[in-house]
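Each remark here refers to the structure printed beneath this line.
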Amino acid sequence: MSGLILVSGGAGYIGSHTVLALRERGRDVLVLDDLSEGHEAALLGAELARGSMLDRDFVRSVFEEREIAAVFHFAARCYVGESVEDPGLYYRHNVLGTLNLLDAMAATGVKRFVLSSTCATYGEPERIPITEDLPQNPINPYGVTKLVDEWMLRDFHTAHGIESVALRYFNAAGADAEGRIGEDHEPETHLIPIVLQVALGQRDKLTVFGDDYETPDGTCIRDYVHVTDLAEAHVLALEAMEKTPGSVGIQAFNLGNEAGTSVLEVIETARQVTGHPIPYTLGARRPGDPPRLVGSSARIREALGWTPKFGDIKTIVETAWKWHQARPKGYDDRGGR
Ligand code: UDP
């Protein structure tokens with residue numbers, strides 16, 4: 001198959017792993033990223049159009065200058081806590097940014113779109129594991145903005161025939177198994193990298209946000225899914241759209257491992273993997289955190305044949321640890337930005 005794949009946010013964590021997966025299949029990729037959070041080094045030489053998703057004219061010009069076959073949209077803000085404190089930031093980046101892309105696609109006739117969506121669109125689900133047919137009632141602005149994105153996809157399909165797949169990630173974690181790229185956020189807020197920063201001696205300890213949830217050990221349960229498995233799902237979604245144009249329409253799939261791991265279990269796993277005691281203190285609940293998010297990925301396994309290769313939490317932490325040990329300062333490019 002040919003055609004240029006535009007990857008917004010391709011210098012970010014999940015985006016860069018997907019760019020790598022596409023290029024390993026010989027696909028042509030153009031990354032659209034402003035490098036506000038992403039890293040040029042994470043592109044491993046992939047072509048970059050540097051600019052902001054919020055710059056409507058810039059986005060439009062990229063579509064006019066290049067013949068784009070499909071769009072993978074990763075560029076977004078993705079922190080629950082931050083979204084509660086600064087919802088405007090989330091509506092601008094996650095709603096307007098997506099709209100600018102969809103408008104440019106409609107104007108230039110690009111018909112294939114894969115959205116980074118999230119389990120945060122479900123809010124506090126009435127059943128576990130979460131299936132795609134459950135109501136989406138997000139409890140934080142991050143989840144709301146991604147749900148709005150999903151709604152926009154419906155309308156752009158109806159009006160402009162843009163086919164799309166929304167991939168509702170559970171908790172992305174881990175790093176490329178060969179250690180070429182990995183997770184590097186500044187500041188870091190995600191649990192697994194923070195735990196590993198403690199193991200590296202970069203932090204004395206971490207704070208566990210709440211131990212009074214209605215879960216077996218009182219801490220929040222999440223479904224951690226390996227970033228390379230997420231990347232693979234994007235490629236499968238694209239291939240499905242290419243195989244029989246018009247057959248996908250608009251679809252949404254969960255991407256999780258159907259396994260719940262509590263905050264304390266993540267810490268214990270990291271102790272085993274790193275051999276470090278990983279001290280922690282107990283703190284208050286973090287606003288916007290649902291107690292338990294575990295997803296059923298039966299739908300994508302069946303529809304697209306998605307089979308996670310790095311499904312268990314120990315492997316996920318091991319690959320992350322390999323990356324953090326090899327690159328304790330991450331991409332180490334902050335001085336240059
Ligand atoms: N968490 C924690 N301490 C930290 C960071 C995260 O206890 O320093 C908890 C957080 O409250 C949540 C879980 O770890 O229950 C996963 O959080 P993360 O930010 O990694 O992902 P999220 O579920 O928010 O997407």
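In the structure tokens, each chain is lettered A, B, ... as it comes, each chain's residues begin at 1, and ligands are numbered from 1 in order of appearance.
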
Contacts between ligand 1 and chain A, please, where a residue of chain A counts if it comes within 7 Å (with only C-alpha atoms and all ligand atoms); show its shortest atom pair and distance in Å to one decimal, rows by chain and ascending number, as a tab-separated table.
```
residue	atom	partner	partner_atom_place_in_ligand_line	distance
A:Tyr79	CA	ligand 1	24 (O)	6.5
A:Val80	CA	ligand 1	24 (O)	5.6
A:Asn171	CA	ligand 1	25 (O)	5.6
A:Thr189	CA	ligand 1	19 (O)	5.5
A:His190	CA	ligand 1	20 (O)	3.4
A:Leu191	CA	ligand 1	20 (O)	3.8
A:Ile192	CA	ligand 1	20 (O)	6.3
A:Ile194	CA	ligand 1	8 (O)	6.1
A:Leu206	CA	ligand 1	8 (O)	5.6
A:Thr207	CA	ligand 1	3 (N)	5.1
A:Val208	CA	ligand 1	7 (O)	3.5
A:Phe209	CA	ligand 1	7 (O)	3.9
A:Gly210	CA	ligand 1	7 (O)	6.8
A:Thr219	CA	ligand 1	15 (O)	6.9
A:Cys220	CA	ligand 1	15 (O)	4.4
A:Ile221	CA	ligand 1	15 (O)	6.4
A:Arg222	CA	ligand 1	23 (O)	6.3
A:Val263	CA	ligand 1	14 (O)	5.4
A:Arg285	CA	ligand 1	11 (O)	6.8
A:Arg286	CA	ligand 1	11 (O)	5.6
A:Asp289	CA	ligand 1	15 (O)	6.0
A:Pro291	CA	ligand 1	15 (O)	7.0
```

Write out the residues from the selection above, keeping C-alpha atoms, as an mmCIF file, in the first residue's frame.
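The file below, out-v4.cif, is the result:
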```cif
data_model
loop_
_atom_site.group_PDB
_atom_site.id
_atom_site.type_symbol
_atom_site.label_atom_id
_atom_site.label_comp_id
_atom_site.auth_asym_id
_atom_site.auth_seq_id
_atom_site.Cartn_x
_atom_site.Cartn_y
_atom_site.Cartn_z
ATOM 1 C CA TYR A 79 -3.398 14.846 31.784
ATOM 2 C CA VAL A 80 -6.503 14.357 33.876
ATOM 3 C CA ASN A 171 -3.104 3.327 30.357
ATOM 4 C CA THR A 189 2.956 12.830 36.034
ATOM 5 C CA HIS A 190 2.342 9.232 34.963
ATOM 6 C CA LEU A 191 2.692 6.500 37.536
ATOM 7 C CA ILE A 192 5.121 4.063 35.914
ATOM 8 C CA ILE A 194 7.525 8.276 38.293
ATOM 9 C CA LEU A 206 6.430 8.950 45.251
ATOM 10 C CA THR A 207 3.015 9.853 46.574
ATOM 11 C CA VAL A 208 0.194 7.353 46.193
ATOM 12 C CA PHE A 209 -2.915 9.388 45.453
ATOM 13 C CA GLY A 210 -5.497 7.877 47.779
ATOM 14 C CA THR A 219 -5.632 2.258 45.527
ATOM 15 C CA CYS A 220 -6.822 2.975 41.990
ATOM 16 C CA ILE A 221 -6.883 0.188 39.453
ATOM 17 C CA ARG A 222 -5.829 0.762 35.851
ATOM 18 C CA VAL A 263 -1.073 1.547 42.170
ATOM 19 C CA ARG A 285 -7.016 11.453 46.117
ATOM 20 C CA ARG A 286 -6.251 13.214 42.834
ATOM 21 C CA ASP A 289 -9.481 9.883 39.097
ATOM 22 C CA PRO A 291 -11.343 4.153 41.063
#
```

Among stretch 50-258 of chain A, which ones does DSSP place in alpha helix (DSSP H), written as a ChimeraX atom specification?
-> /A:56-65,80-85,87-90,97-108,141-160,191-199,227-243

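Atom CA of A:Pro290 is positioned 24.7 Å from atom CA of A:Val198.
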
Sorted by chain and rising residue number, list the residues of stretch 218-331 of chain A at most 9 Å from stretch 155-166 of chain A (counting only C-alpha atoms), each with its closest atom pair and distance in Å to one decimal, as a tab-separated table.
```
residue	atom	partner	partner_atom	distance
A:His234	CA	A:Val165	CA	8.7
A:Ala237	CA	A:Val165	CA	6.6
A:Leu238	CA	A:Val165	CA	8.4
A:Met241	CA	A:Glu163	CA	7.5
A:Pro245	CA	A:Glu163	CA	8.6
A:Gly246	CA	A:Glu163	CA	7.0
A:Ser247	CA	A:Glu163	CA	8.6
A:Val248	CA	A:Glu163	CA	6.5
A:Gly249	CA	A:Glu163	CA	4.8
A:Ile250	CA	A:Ser164	CA	4.9
A:Gln251	CA	A:Val165	CA	4.9
A:Ala252	CA	A:Ala166	CA	4.5
A:Phe253	CA	A:Ala166	CA	6.3
A:Asn254	CA	A:Ala166	CA	8.5
```

Determine which residues of stretch 175-337 of chain A receive a DSSP assignment of strand (DSSP E or B), computed from the backbone, and state them as a PyMOL selection string.
-> chain A and resi 206-209+221-222+224-226+250-255+261-262+280-283+292+295

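Considering the residues A:Met105, A:Ile128, A:Ile5, A:Leu255 and counting only C-alpha atoms, A:Phe170 has its shortest atom-to-atom contact with A:Leu255.
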
From atom CA of A:Asp212 to atom CA of A:Ala284 the spacing works out at 9.2 Å

Counting only C-alpha atoms, the residue of A:Ala199, A:Ala298, A:Leu44, A:Ala303 that sits nearest A:Tyr280 = A:Ala199

Using only C-alpha atoms, find the one residue out of A:Val114, A:Leu167, A:Val7, A:Leu43 that sits nearest to A:Glu239.
-> A:Val114

Residue neighbourhood A:Val84, 10 Å, only C-alpha atoms, exclusion window fewer than 6 positions, as a PyMOL selection string | chain A and resi 90+139-142+287-288

Save the residues we just selected, N, CA, C and O atoms, as a PDB file, in the first residue's frame?
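New file result_8.pdb:
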```
ATOM      1  N   TYR A  90      -7.529  22.385  27.435  1.00  0.00           N
ATOM      2  CA  TYR A  90      -7.950  21.113  26.848  1.00  0.00           C
ATOM      3  C   TYR A  90      -8.948  21.316  25.715  1.00  0.00           C
ATOM      4  O   TYR A  90      -8.888  20.645  24.693  1.00  0.00           O
ATOM      5  N   ILE A 139     -15.799  12.146  33.511  1.00  0.00           N
ATOM      6  CA  ILE A 139     -15.873  12.910  34.760  1.00  0.00           C
ATOM      7  C   ILE A 139     -14.757  13.948  34.859  1.00  0.00           C
ATOM      8  O   ILE A 139     -14.548  14.534  35.903  1.00  0.00           O
ATOM      9  N   ASN A 140     -14.010  14.140  33.787  1.00  0.00           N
ATOM     10  CA  ASN A 140     -13.017  15.220  33.801  1.00  0.00           C
ATOM     11  C   ASN A 140     -12.940  15.832  32.401  1.00  0.00           C
ATOM     12  O   ASN A 140     -13.328  15.197  31.421  1.00  0.00           O
ATOM     13  N   PRO A 141     -12.443  17.078  32.333  1.00  0.00           N
ATOM     14  CA  PRO A 141     -12.424  17.772  31.033  1.00  0.00           C
ATOM     15  C   PRO A 141     -11.616  17.030  29.971  1.00  0.00           C
ATOM     16  O   PRO A 141     -11.959  17.077  28.787  1.00  0.00           O
ATOM     17  N   TYR A 142     -10.560  16.343  30.356  1.00  0.00           N
ATOM     18  CA  TYR A 142      -9.800  15.573  29.370  1.00  0.00           C
ATOM     19  C   TYR A 142     -10.719  14.587  28.650  1.00  0.00           C
ATOM     20  O   TYR A 142     -10.788  14.542  27.416  1.00  0.00           O
ATOM     21  N   PRO A 287      -8.025  14.747  42.105  1.00  0.00           N
ATOM     22  CA  PRO A 287      -9.347  15.018  41.524  1.00  0.00           C
ATOM     23  C   PRO A 287      -9.457  14.471  40.098  1.00  0.00           C
ATOM     24  O   PRO A 287      -8.505  14.566  39.323  1.00  0.00           O
ATOM     25  N   GLY A 288     -10.610  13.890  39.793  1.00  0.00           N
ATOM     26  CA  GLY A 288     -10.846  13.399  38.432  1.00  0.00           C
ATOM     27  C   GLY A 288     -10.480  11.943  38.227  1.00  0.00           C
ATOM     28  O   GLY A 288     -10.696  11.405  37.142  1.00  0.00           O
TER      29      GLY A 288
END
```

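The spacing separating atom CA of A:Thr261 from atom CA of A:Ala75 amounts to 27.1 Å.
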